[in-house]
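Okay, model16.cif now, which holds mmCIF, C-alpha atoms; chains and numbers go by the auth columns:
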```cif
data_protein
loop_
_atom_site.group_PDB
_atom_site.id
_atom_site.type_symbol
_atom_site.label_atom_id
_atom_site.label_comp_id
_atom_site.label_asym_id
_atom_site.label_seq_id
_atom_site.Cartn_x
_atom_site.Cartn_y
_atom_site.Cartn_z
_atom_site.B_iso_or_equiv
_atom_site.auth_seq_id
_atom_site.auth_asym_id
ATOM 1 C CA MET A 1 -2.170 13.346 -14.488 0.00 740 A
ATOM 2 C CA LYS A 2 -0.111 12.479 -11.428 0.00 741 A
ATOM 3 C CA PRO A 3 3.702 12.756 -11.714 0.00 742 A
ATOM 4 C CA ILE A 4 5.474 9.508 -12.570 0.00 743 A
ATOM 5 C CA LYS A 5 7.020 9.519 -9.114 0.00 744 A
ATOM 6 C CA LEU A 6 3.593 9.184 -7.538 0.00 745 A
ATOM 7 C CA THR A 7 3.201 5.848 -9.278 0.00 746 A
ATOM 8 C CA LEU A 8 6.142 4.611 -7.228 0.00 747 A
ATOM 9 C CA LEU A 9 4.113 4.916 -4.059 0.00 748 A
ATOM 10 C CA ALA A 10 3.239 1.289 -4.337 0.00 749 A
ATOM 11 C CA LEU A 11 6.348 0.636 -2.312 0.00 750 A
ATOM 12 C CA VAL A 12 6.424 0.892 1.384 0.00 751 A
ATOM 13 C CA TRP A 13 8.548 1.716 4.424 0.00 752 A
ATOM 14 C CA VAL A 14 6.601 0.700 7.523 0.00 753 A
ATOM 15 C CA VAL A 15 7.224 0.532 11.254 0.00 754 A
ATOM 16 C CA SER A 16 5.586 -2.806 12.039 0.00 755 A
ATOM 17 C CA ALA A 17 6.334 -6.519 11.846 0.00 756 A
ATOM 18 C CA THR A 18 4.512 -9.221 9.916 0.00 757 A
ATOM 19 C CA VAL A 19 1.038 -9.593 11.420 0.00 758 A
ATOM 20 C CA VAL A 20 -0.505 -12.859 12.564 0.00 759 A
ATOM 21 C CA CYS A 21 -4.119 -12.357 13.627 0.00 760 A
ATOM 22 C CA PRO A 22 -7.257 -14.313 14.418 0.00 761 A
ATOM 23 C CA ALA A 23 -9.767 -14.742 11.625 0.00 762 A
ATOM 24 C CA GLN A 24 -10.213 -11.239 10.291 0.00 763 A
ATOM 25 C CA THR A 25 -9.209 -9.033 7.389 0.00 764 A
ATOM 26 C CA LEU A 26 -5.625 -7.977 6.735 0.00 765 A
ATOM 27 C CA TYR A 27 -4.569 -5.339 4.239 0.00 766 A
ATOM 28 C CA PHE A 28 -1.911 -4.340 1.769 0.00 767 A
ATOM 29 C CA PRO A 29 -2.571 -0.571 1.706 0.00 768 A
ATOM 30 C CA GLN A 30 -1.074 -0.233 -1.765 0.00 769 A
ATOM 31 C CA VAL A 31 -0.829 -2.565 -4.763 0.00 770 A
ATOM 32 C CA ALA A 32 1.255 -1.602 -7.814 0.00 771 A
ATOM 33 C CA ASN A 33 0.609 -3.044 -11.255 0.00 772 A
ATOM 34 C CA GLY A 34 1.230 -1.957 -14.824 0.00 773 A
ATOM 35 C CA ILE A 35 3.522 0.135 -16.994 0.00 774 A
ATOM 36 C CA SER A 36 4.512 3.737 -16.314 0.00 775 A
ATOM 37 C CA GLY A 37 7.272 5.630 -18.097 0.00 776 A
ATOM 38 C CA GLY A 38 8.729 2.421 -19.525 0.00 777 A
ATOM 39 C CA VAL A 39 8.873 0.824 -16.078 0.00 778 A
ATOM 40 C CA VAL A 40 6.840 -2.282 -15.240 0.00 779 A
ATOM 41 C CA TRP A 41 5.475 -2.725 -11.727 0.00 780 A
ATOM 42 C CA LYS A 42 4.339 -6.039 -10.246 0.00 781 A
ATOM 43 C CA THR A 43 3.105 -6.971 -6.775 0.00 782 A
ATOM 44 C CA THR A 44 3.789 -10.399 -5.275 0.00 783 A
ATOM 45 C CA MET A 45 1.650 -11.480 -2.319 0.00 784 A
ATOM 46 C CA PHE A 46 2.755 -14.303 -0.020 0.00 785 A
ATOM 47 C CA LEU A 47 0.183 -15.740 2.379 0.00 786 A
ATOM 48 C CA THR A 48 0.757 -18.475 4.946 0.00 787 A
ATOM 49 C CA ASN A 49 -1.300 -20.407 7.484 0.00 788 A
ATOM 50 C CA PRO A 50 0.862 -20.457 10.632 0.00 789 A
ATOM 51 C CA ALA A 51 -1.237 -23.124 12.386 0.00 790 A
ATOM 52 C CA GLY A 52 0.424 -26.361 13.479 0.00 791 A
ATOM 53 C CA PRO A 53 -0.603 -29.898 12.501 0.00 792 A
ATOM 54 C CA GLY A 54 -4.330 -30.406 13.015 0.00 793 A
ATOM 55 C CA GLY A 55 -4.986 -26.678 12.902 0.00 794 A
ATOM 56 C CA PRO A 56 -7.776 -25.020 10.922 0.00 795 A
ATOM 57 C CA LEU A 57 -7.850 -24.712 7.146 0.00 796 A
ATOM 58 C CA ALA A 58 -7.721 -21.088 5.988 0.00 797 A
ATOM 59 C CA ASN A 59 -10.344 -20.321 3.342 0.00 798 A
ATOM 60 C CA GLY A 60 -10.334 -16.773 2.112 0.00 799 A
ATOM 61 C CA VAL A 61 -10.264 -14.216 -0.665 0.00 800 A
ATOM 62 C CA ILE A 62 -8.075 -11.313 -1.760 0.00 801 A
ATOM 63 C CA THR A 63 -10.144 -8.316 -2.908 0.00 802 A
ATOM 64 C CA PHE A 64 -8.629 -5.431 -4.881 0.00 803 A
ATOM 65 C CA THR A 65 -10.092 -1.904 -4.744 0.00 804 A
ATOM 66 C CA LYS A 66 -9.008 1.238 -6.589 0.00 805 A
ATOM 67 C CA ASP A 67 -9.797 4.941 -6.451 0.00 806 A
ATOM 68 C CA SER A 68 -12.781 6.338 -8.285 0.00 807 A
ATOM 69 C CA PRO A 69 -12.052 8.749 -11.162 0.00 808 A
ATOM 70 C CA PHE A 70 -11.077 12.284 -10.159 0.00 809 A
ATOM 71 C CA ASN A 71 -10.238 11.256 -6.590 0.00 810 A
ATOM 72 C CA SER A 72 -7.260 13.580 -6.689 0.00 811 A
ATOM 73 C CA PHE A 73 -9.840 16.352 -6.455 0.00 812 A
ATOM 74 C CA ASP A 74 -12.428 14.657 -4.237 0.00 813 A
ATOM 75 C CA LEU A 75 -11.072 12.104 -1.782 0.00 814 A
ATOM 76 C CA SER A 76 -14.570 11.519 -0.389 0.00 815 A
ATOM 77 C CA THR A 77 -15.590 9.623 -3.553 0.00 816 A
ATOM 78 C CA PRO A 78 -16.146 5.873 -2.985 0.00 817 A
ATOM 79 C CA GLY A 79 -13.617 3.437 -4.450 0.00 818 A
ATOM 80 C CA LEU A 80 -14.273 0.916 -7.231 0.00 819 A
ATOM 81 C CA PRO A 81 -13.371 -2.740 -7.884 0.00 820 A
ATOM 82 C CA PHE A 82 -9.859 -3.066 -9.340 0.00 821 A
ATOM 83 C CA ASN A 83 -9.802 -5.793 -11.989 0.00 822 A
ATOM 84 C CA ILE A 84 -6.304 -7.264 -12.130 0.00 823 A
ATOM 85 C CA ALA A 85 -4.641 -10.312 -13.731 0.00 824 A
ATOM 86 C CA VAL A 86 -2.913 -12.535 -11.150 0.00 825 A
ATOM 87 C CA VAL A 87 -0.991 -15.819 -11.434 0.00 826 A
ATOM 88 C CA ASP A 88 -0.085 -18.328 -8.732 0.00 827 A
ATOM 89 C CA GLU A 89 3.231 -19.973 -7.781 0.00 828 A
ATOM 90 C CA ALA A 90 2.902 -22.278 -10.806 0.00 829 A
ATOM 91 C CA GLY A 91 2.333 -19.353 -13.173 0.00 830 A
ATOM 92 C CA GLN A 92 -1.331 -20.269 -13.650 0.00 831 A
ATOM 93 C CA PRO A 93 -4.026 -17.566 -13.796 0.00 832 A
ATOM 94 C CA VAL A 94 -6.133 -17.356 -10.643 0.00 833 A
ATOM 95 C CA GLY A 95 -9.277 -15.475 -9.674 0.00 834 A
ATOM 96 C CA SER A 96 -11.372 -13.224 -11.840 0.00 835 A
ATOM 97 C CA GLY A 97 -12.274 -9.571 -11.835 0.00 836 A
ATOM 98 C CA ASN A 98 -11.079 -8.015 -8.593 0.00 837 A
ATOM 99 C CA THR A 99 -10.994 -11.153 -6.409 0.00 838 A
ATOM 100 C CA VAL A 100 -8.603 -14.089 -5.890 0.00 839 A
ATOM 101 C CA PRO A 101 -9.881 -16.956 -3.672 0.00 840 A
ATOM 102 C CA PHE A 102 -7.423 -19.106 -1.721 0.00 841 A
ATOM 103 C CA GLN A 103 -7.285 -22.156 0.526 0.00 842 A
ATOM 104 C CA ILE A 104 -4.235 -22.768 2.717 0.00 843 A
ATOM 105 C CA ALA A 105 -3.681 -25.836 4.912 0.00 844 A
ATOM 106 C CA PRO A 106 -1.811 -25.522 8.254 0.00 845 A
ATOM 107 C CA GLY A 107 1.859 -24.740 7.682 0.00 846 A
ATOM 108 C CA GLN A 108 1.395 -24.207 3.952 0.00 847 A
ATOM 109 C CA SER A 109 1.777 -21.000 1.948 0.00 848 A
ATOM 110 C CA ARG A 110 0.570 -19.507 -1.343 0.00 849 A
ATOM 111 C CA LYS A 111 2.132 -17.053 -3.768 0.00 850 A
ATOM 112 C CA PHE A 112 0.148 -14.697 -6.003 0.00 851 A
ATOM 113 C CA VAL A 113 1.772 -12.318 -8.509 0.00 852 A
ATOM 114 C CA SER A 114 0.199 -9.540 -10.566 0.00 853 A
ATOM 115 C CA THR A 115 1.219 -9.756 -14.217 0.00 854 A
ATOM 116 C CA GLY A 116 2.201 -6.111 -14.710 0.00 855 A
ATOM 117 C CA ALA A 117 -0.002 -5.896 -17.796 0.00 856 A
ATOM 118 C CA GLY A 118 -1.625 -2.662 -18.931 0.00 857 A
ATOM 119 C CA GLN A 119 -1.230 0.950 -17.868 0.00 858 A
ATOM 120 C CA TYR A 120 -0.016 1.526 -14.312 0.00 859 A
ATOM 121 C CA SER A 121 -2.667 1.680 -11.639 0.00 860 A
ATOM 122 C CA GLY A 122 -2.479 1.773 -7.864 0.00 861 A
ATOM 123 C CA ALA A 123 -4.987 0.112 -5.559 0.00 862 A
ATOM 124 C CA PHE A 124 -5.170 -1.649 -2.210 0.00 863 A
ATOM 125 C CA ALA A 125 -5.875 -5.258 -1.249 0.00 864 A
ATOM 126 C CA SER A 126 -8.035 -6.736 1.518 0.00 865 A
ATOM 127 C CA ILE A 127 -7.327 -10.310 2.639 0.00 866 A
ATOM 128 C CA SER A 128 -10.267 -12.000 4.384 0.00 867 A
ATOM 129 C CA SER A 129 -9.755 -15.470 5.864 0.00 868 A
ATOM 130 C CA SER A 130 -11.698 -17.985 7.953 0.00 869 A
ATOM 131 C CA ALA A 131 -8.574 -18.777 9.998 0.00 870 A
ATOM 132 C CA PRO A 132 -5.472 -16.824 11.043 0.00 871 A
ATOM 133 C CA VAL A 133 -3.081 -16.029 8.198 0.00 872 A
ATOM 134 C CA SER A 134 -0.021 -13.832 7.846 0.00 873 A
ATOM 135 C CA GLY A 135 1.066 -12.050 4.707 0.00 874 A
ATOM 136 C CA THR A 136 3.876 -10.190 3.014 0.00 875 A
ATOM 137 C CA ALA A 137 3.852 -8.220 -0.239 0.00 876 A
ATOM 138 C CA ILE A 138 6.862 -7.650 -2.491 0.00 877 A
ATOM 139 C CA PHE A 139 6.787 -4.731 -4.914 0.00 878 A
ATOM 140 C CA SER A 140 9.057 -5.174 -7.941 0.00 879 A
ATOM 141 C CA GLU A 141 10.150 -2.668 -10.577 0.00 880 A
ATOM 142 C CA PHE A 142 11.405 -3.903 -13.985 0.00 881 A
ATOM 143 C CA ASP A 143 12.859 -2.093 -16.984 0.00 882 A
ATOM 144 C CA SER A 144 11.522 -2.597 -20.520 0.00 883 A
ATOM 145 C CA GLY A 145 13.909 -5.521 -20.988 0.00 884 A
ATOM 146 C CA GLY A 146 12.506 -7.367 -18.004 0.00 885 A
ATOM 147 C CA ARG A 147 15.498 -6.694 -15.747 0.00 886 A
ATOM 148 C CA LEU A 148 14.784 -6.096 -12.069 0.00 887 A
ATOM 149 C CA ILE A 149 15.504 -2.481 -11.097 0.00 888 A
ATOM 150 C CA GLY A 150 14.285 -2.384 -7.521 0.00 889 A
ATOM 151 C CA GLU A 151 12.317 -4.376 -4.993 0.00 890 A
ATOM 152 C CA ALA A 152 10.943 -3.954 -1.483 0.00 891 A
ATOM 153 C CA GLY A 153 8.895 -6.150 0.845 0.00 892 A
ATOM 154 C CA VAL A 154 6.244 -5.086 3.351 0.00 893 A
ATOM 155 C CA PRO A 155 4.067 -6.945 5.859 0.00 894 A
ATOM 156 C CA ALA A 156 0.309 -7.070 5.765 0.00 895 A
ATOM 157 C CA ALA A 157 -1.331 -4.502 8.033 0.00 896 A
ATOM 158 C CA VAL A 158 -4.405 -4.175 10.192 0.00 897 A
ATOM 159 C CA ALA A 159 -6.578 -1.058 10.122 0.00 898 A
ATOM 160 C CA VAL A 160 -6.221 1.227 13.153 0.00 899 A
ATOM 161 C CA PRO A 161 -7.553 4.730 13.983 0.00 900 A
ATOM 162 C CA ARG A 162 -4.157 6.186 14.974 0.00 901 A
ATOM 163 C CA GLN A 163 -0.762 5.398 13.470 0.00 902 A
ATOM 164 C CA THR A 164 2.657 6.936 12.954 0.00 903 A
ATOM 165 C CA ILE A 165 5.103 6.743 10.042 0.00 904 A
ATOM 166 C CA PHE A 166 8.748 7.772 10.274 0.00 905 A
ATOM 167 C CA VAL A 167 9.703 10.731 8.073 0.00 906 A
ATOM 168 C CA ASP A 168 13.252 11.643 7.010 0.00 907 A
ATOM 169 C CA THR A 169 13.395 14.248 4.254 0.00 908 A
ATOM 170 C CA THR A 170 16.930 15.461 4.947 0.00 909 A
ATOM 171 C CA GLY A 171 19.774 14.905 2.486 0.00 910 A
ATOM 172 C CA GLY A 172 17.530 14.930 -0.580 0.00 911 A
ATOM 173 C CA PHE A 173 15.253 12.073 0.494 0.00 912 A
ATOM 174 C CA GLN A 174 11.484 12.116 0.039 0.00 913 A
ATOM 175 C CA ILE A 175 8.827 10.095 1.846 0.00 914 A
ATOM 176 C CA GLY A 176 5.863 8.711 -0.081 0.00 915 A
ATOM 177 C CA VAL A 177 2.752 7.718 1.843 0.00 916 A
ATOM 178 C CA ALA A 178 -0.294 5.646 0.921 0.00 917 A
ATOM 179 C CA TYR A 179 -3.353 5.249 3.130 0.00 918 A
ATOM 180 C CA ALA A 180 -6.710 3.582 2.514 0.00 919 A
ATOM 181 C CA ASN A 181 -10.205 3.417 3.970 0.00 920 A
ATOM 182 C CA PRO A 182 -11.500 -0.187 3.984 0.00 921 A
ATOM 183 C CA GLY A 183 -14.798 0.799 5.605 0.00 922 A
ATOM 184 C CA SER A 184 -18.238 1.405 4.138 0.00 923 A
ATOM 185 C CA SER A 185 -18.461 5.089 5.127 0.00 924 A
ATOM 186 C CA ALA A 186 -16.396 8.206 4.512 0.00 925 A
ATOM 187 C CA VAL A 187 -13.820 8.847 7.255 0.00 926 A
ATOM 188 C CA PRO A 188 -12.646 12.269 8.505 0.00 927 A
ATOM 189 C CA LEU A 189 -8.929 12.222 9.258 0.00 928 A
ATOM 190 C CA THR A 190 -6.051 14.511 10.158 0.00 929 A
ATOM 191 C CA LEU A 191 -2.497 14.248 8.850 0.00 930 A
ATOM 192 C CA SER A 192 0.115 15.838 11.118 0.00 931 A
ATOM 193 C CA LEU A 193 3.831 16.287 10.383 0.00 932 A
ATOM 194 C CA LEU A 194 5.958 16.364 13.553 0.00 933 A
ATOM 195 C CA ASN A 195 9.665 17.067 13.994 0.00 934 A
ATOM 196 C CA SER A 196 11.905 14.987 16.269 0.00 935 A
ATOM 197 C CA ALA A 197 10.910 17.188 19.243 0.00 936 A
ATOM 198 C CA ALA A 198 7.239 16.213 18.737 0.00 937 A
ATOM 199 C CA GLU A 199 6.387 19.733 17.557 0.00 938 A
ATOM 200 C CA VAL A 200 3.658 19.925 14.909 0.00 939 A
ATOM 201 C CA VAL A 201 5.168 21.488 11.771 0.00 940 A
ATOM 202 C CA ARG A 202 2.141 21.138 9.500 0.00 941 A
ATOM 203 C CA SER A 203 -1.350 19.651 9.793 0.00 942 A
ATOM 204 C CA THR A 204 -4.061 19.011 7.216 0.00 943 A
ATOM 205 C CA PRO A 205 -7.630 17.628 7.516 0.00 944 A
ATOM 206 C CA GLN A 206 -9.126 15.324 4.893 0.00 945 A
ATOM 207 C CA VAL A 207 -12.163 13.122 4.271 0.00 946 A
ATOM 208 C CA LEU A 208 -11.423 9.721 2.723 0.00 947 A
ATOM 209 C CA GLY A 209 -14.327 7.974 1.015 0.00 948 A
ATOM 210 C CA PRO A 210 -15.259 4.297 1.506 0.00 949 A
ATOM 211 C CA GLY A 211 -13.012 1.954 -0.452 0.00 950 A
ATOM 212 C CA ASN A 212 -10.819 4.899 -1.394 0.00 951 A
ATOM 213 C CA HIS A 213 -7.123 5.583 -0.874 0.00 952 A
ATOM 214 C CA ASN A 214 -4.614 8.330 -1.441 0.00 953 A
ATOM 215 C CA ALA A 215 -0.926 8.297 -2.357 0.00 954 A
ATOM 216 C CA ALA A 216 1.396 11.303 -2.216 0.00 955 A
ATOM 217 C CA PHE A 217 4.763 12.541 -1.034 0.00 956 A
ATOM 218 C CA THR A 218 4.869 14.370 2.281 0.00 957 A
ATOM 219 C CA PHE A 219 6.006 17.556 0.515 0.00 958 A
ATOM 220 C CA GLN A 220 2.734 17.428 -1.436 0.00 959 A
ATOM 221 C CA LEU A 221 0.641 16.752 1.659 0.00 960 A
ATOM 222 C CA PHE A 222 2.396 19.449 3.713 0.00 961 A
ATOM 223 C CA SER A 223 3.201 22.309 1.354 0.00 962 A
ATOM 224 C CA GLY A 224 6.169 24.401 2.414 0.00 963 A
ATOM 225 C CA ALA A 225 7.348 22.039 5.150 0.00 964 A
ATOM 226 C CA PRO A 226 11.133 22.158 5.702 0.00 965 A
ATOM 227 C CA PRO A 227 13.344 19.037 5.497 0.00 966 A
ATOM 228 C CA LEU A 228 13.166 17.209 8.803 0.00 967 A
ATOM 229 C CA GLU A 229 13.565 13.987 10.717 0.00 968 A
ATOM 230 C CA GLY A 230 10.382 13.094 12.564 0.00 969 A
ATOM 231 C CA THR A 231 7.037 11.426 12.012 0.00 970 A
ATOM 232 C CA MET A 232 3.739 11.755 10.221 0.00 971 A
ATOM 233 C CA GLN A 233 0.718 10.926 12.351 0.00 972 A
ATOM 234 C CA ILE A 234 -2.600 9.764 10.885 0.00 973 A
ATOM 235 C CA THR A 235 -5.570 10.209 13.198 0.00 974 A
ATOM 236 C CA SER A 236 -8.948 9.093 11.879 0.00 975 A
ATOM 237 C CA ALA A 237 -12.521 8.705 13.103 0.00 976 A
ATOM 238 C CA SER A 238 -12.523 5.072 11.923 0.00 977 A
ATOM 239 C CA PRO A 239 -9.661 2.596 11.337 0.00 978 A
ATOM 240 C CA LEU A 240 -7.470 3.159 8.283 0.00 979 A
ATOM 241 C CA LYS A 241 -4.421 1.330 6.949 0.00 980 A
ATOM 242 C CA ALA A 242 -1.256 3.083 5.852 0.00 981 A
ATOM 243 C CA LEU A 243 2.315 2.612 4.645 0.00 982 A
ATOM 244 C CA ALA A 244 5.221 4.650 3.328 0.00 983 A
ATOM 245 C CA LEU A 245 8.488 4.517 1.370 0.00 984 A
ATOM 246 C CA ARG A 246 11.657 6.615 1.377 0.00 985 A
ATOM 247 C CA PHE A 247 12.907 7.727 -2.033 0.00 986 A
ATOM 248 C CA ASP A 248 16.309 9.086 -2.991 0.00 987 A
ATOM 249 C CA SER A 249 15.503 12.189 -5.036 0.00 988 A
ATOM 250 C CA PRO A 250 15.912 12.558 -7.976 0.00 989 A
ATOM 251 C CA SER A 251 17.034 8.978 -8.722 0.00 990 A
ATOM 252 C CA SER A 252 13.824 7.454 -7.280 0.00 991 A
ATOM 253 C CA VAL A 253 15.830 4.597 -5.746 0.00 992 A
ATOM 254 C CA PHE A 254 13.729 3.424 -2.818 0.00 993 A
ATOM 255 C CA THR A 255 14.056 1.655 0.507 0.00 994 A
#
```
Written as structure tokens, how would this file's structure read?
Amino acid sequence: MKPIKLTLLALVWVVSATVVCPAQTLYFPQVANGISGGVVWKTTMFLTNPAGPGGPLANGVITFTKDSPFNSFDLSTPGLPFNIAVVDEAGQPVGSGNTVPFQIAPGQSRKFVSTGAGQYSGAFASISSSAPVSGTAIFSEFDSGGRLIGEAGVPAAVAVPRQTIFVDTTGGFQIGVAYANPGSSAVPLTLSLLNSAAEVVRSTPQVLGPGNHNAAFTFQLFSGAPPLEGTMQITSASPLKALALRFDSPSSVFT
């Protein structure tokens, strides 16, 4: 069993802006849904078609993928479809299984929200569209009475073979990281923790299976690393997508 804190890794601190791309696939590297320790997690996904009047209609689908069983021991295992209940802006159920289709006219937007039902599970989402779209996810944490405890928004991401995440573990803070492999083959990768002088403090190789993702705090990825202000670099043989969140330990308040 992973610690309860690991379930909070659905939330993200990233170093990029909202992405607007030509017809291609965008990603939310982590999706949070379900109940853990009396806390309910939901993920809201906003998608918009930024085209002007007369622009193309965006037809697409959101696909959810989760880790295979026992991935904490074997990250090379392929991922599996993540079946999730989702409602739209009107509160009506949409999609089935692990997919949610959408159609967005120029200038319009859509809202999709996971229901938070069932035991907590983390996954990632791929957004494929026939026309350029941009997207933002909001991760929300509720208590058992339905009151909002915390919330954070992140932009959709593109997969790249080299990326950097800011790390600040001084003053009792912890950095949680999630990264996913959207490809069809296992990907060798290297995680490197650097201090502010660009000196490598720790480094660890991994192999991430197709449709698989990992979520952990940097102190778990880099055992024995001292508190520092710096970065974590992800270098992979094929494009991956990643995100991170800073937690106040032990309160688990996040930014």
Quick one: which residues end up in the PyMOL selection byres ((chain A and resi 788) around 12) for this structure, as a PyMOL selection string? chain A and resi 758-762+785-787+789-799+841-849+868-874
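Counting from atom CA of A:Gly889, the distance to atom CA of A:Gln858 is 18.9 Å.
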Nearest to A:Asn951: which of A:Ser835, A:Ser775, A:Asn920, A:Asn822 is it, counting all atoms listed in the file? A:Asn920
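Closest approach to A:Leu928 among A:Ser975, A:Phe803, A:Thr970, A:Phe912: A:Ser975, based on only C-alpha atoms.
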Evaluate the PyMOL selection byres ((chain A and resi 933-937) around 8) and record the selected residues as a ChimeraX atom specification, following the chain and residue labels used in the document. /A:931-932,938-941,967-972
Pick from A:Ile823, A:Val778, A:Val839, A:Ile914: nearest to A:Asp882, with only C-alpha atoms counted? A:Val778
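Evaluated against this file, the PyMOL selection byres ((chain A and resi 917) around 9) yields Leu748, Ala749, Leu750, Val751, Pro768, Gln769, Gly915, Val916, Tyr918, Ala919, His952, Asn953, Ala954, Ala955, Phe956, Lys980, Ala981, Leu982, Ala983 and Leu984 of chain A.
Neighbours of A:Val926 closer than or equal to 7 Å, with all atoms listed in the file counted and sequence neighbours fewer than 6 positions away skipped, come out as Val946, Leu947, Gly948, Ser975, Ala976 and Ser977 of chain A.
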Go through A:Ser865, A:Val825, A:Asp907, A:Leu960 and flag the residue nearest A:Gln945, using all atoms listed in the file for the distances. A:Leu960
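Interatomic distance, atom CA of A:Ser883 to atom CA of A:Ala856: 12.3 Å.
Each of A:Ala862, A:Leu814, A:Ile801, A:Ala824 was checked against A:Val770 using all atoms listed in the file; the smallest atom-to-atom distance is that of A:Ala862.
Taking atom CA of A:Phe993 and atom CA of A:Ile904 as endpoints, the distance between them is 15.8 Å.
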Between A:Asn772, A:Ser860, A:Phe961, A:Thr974, which residue has the minimum interatomic distance to A:Ser807, considering all atoms listed in the file? A:Ser860
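Residues in contact range of A:Ala895, defined as at most 8 Å between all atoms listed in the file, with sequence neighbours fewer than 2 positions away removed, read Thr757, Val758, Leu765, Tyr766, Phe767, Ser873, Gly874, Thr875, Ala876, Val893 and Val897 of chain A.
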Which protein, DNA or RNA residues have an atom at most 12 Å from (-3.2, -16.5, -9.8), counting only C-alpha atoms? List them as a ChimeraX atom specification. /A:782-785,800-801,823-841,849-854
Prev. selection, C-alpha atoms, output as a tab-separated table (two decimals), in the coordinates of the input:
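Below is the file out-v3.tsv, written as the result:
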```
chain	number	residue	atom	x	y	z
A	782	THR	CA	3.10	-6.97	-6.78
A	783	THR	CA	3.79	-10.40	-5.28
A	784	MET	CA	1.65	-11.48	-2.32
A	785	PHE	CA	2.76	-14.30	-0.02
A	800	VAL	CA	-10.26	-14.22	-0.66
A	801	ILE	CA	-8.07	-11.31	-1.76
A	823	ILE	CA	-6.30	-7.26	-12.13
A	824	ALA	CA	-4.64	-10.31	-13.73
A	825	VAL	CA	-2.91	-12.54	-11.15
A	826	VAL	CA	-0.99	-15.82	-11.43
A	827	ASP	CA	-0.08	-18.33	-8.73
A	828	GLU	CA	3.23	-19.97	-7.78
A	829	ALA	CA	2.90	-22.28	-10.81
A	830	GLY	CA	2.33	-19.35	-13.17
A	831	GLN	CA	-1.33	-20.27	-13.65
A	832	PRO	CA	-4.03	-17.57	-13.80
A	833	VAL	CA	-6.13	-17.36	-10.64
A	834	GLY	CA	-9.28	-15.48	-9.67
A	835	SER	CA	-11.37	-13.22	-11.84
A	836	GLY	CA	-12.27	-9.57	-11.84
A	837	ASN	CA	-11.08	-8.02	-8.59
A	838	THR	CA	-10.99	-11.15	-6.41
A	839	VAL	CA	-8.60	-14.09	-5.89
A	840	PRO	CA	-9.88	-16.96	-3.67
A	841	PHE	CA	-7.42	-19.11	-1.72
A	849	ARG	CA	0.57	-19.51	-1.34
A	850	LYS	CA	2.13	-17.05	-3.77
A	851	PHE	CA	0.15	-14.70	-6.00
A	852	VAL	CA	1.77	-12.32	-8.51
A	853	SER	CA	0.20	-9.54	-10.57
A	854	THR	CA	1.22	-9.76	-14.22
```
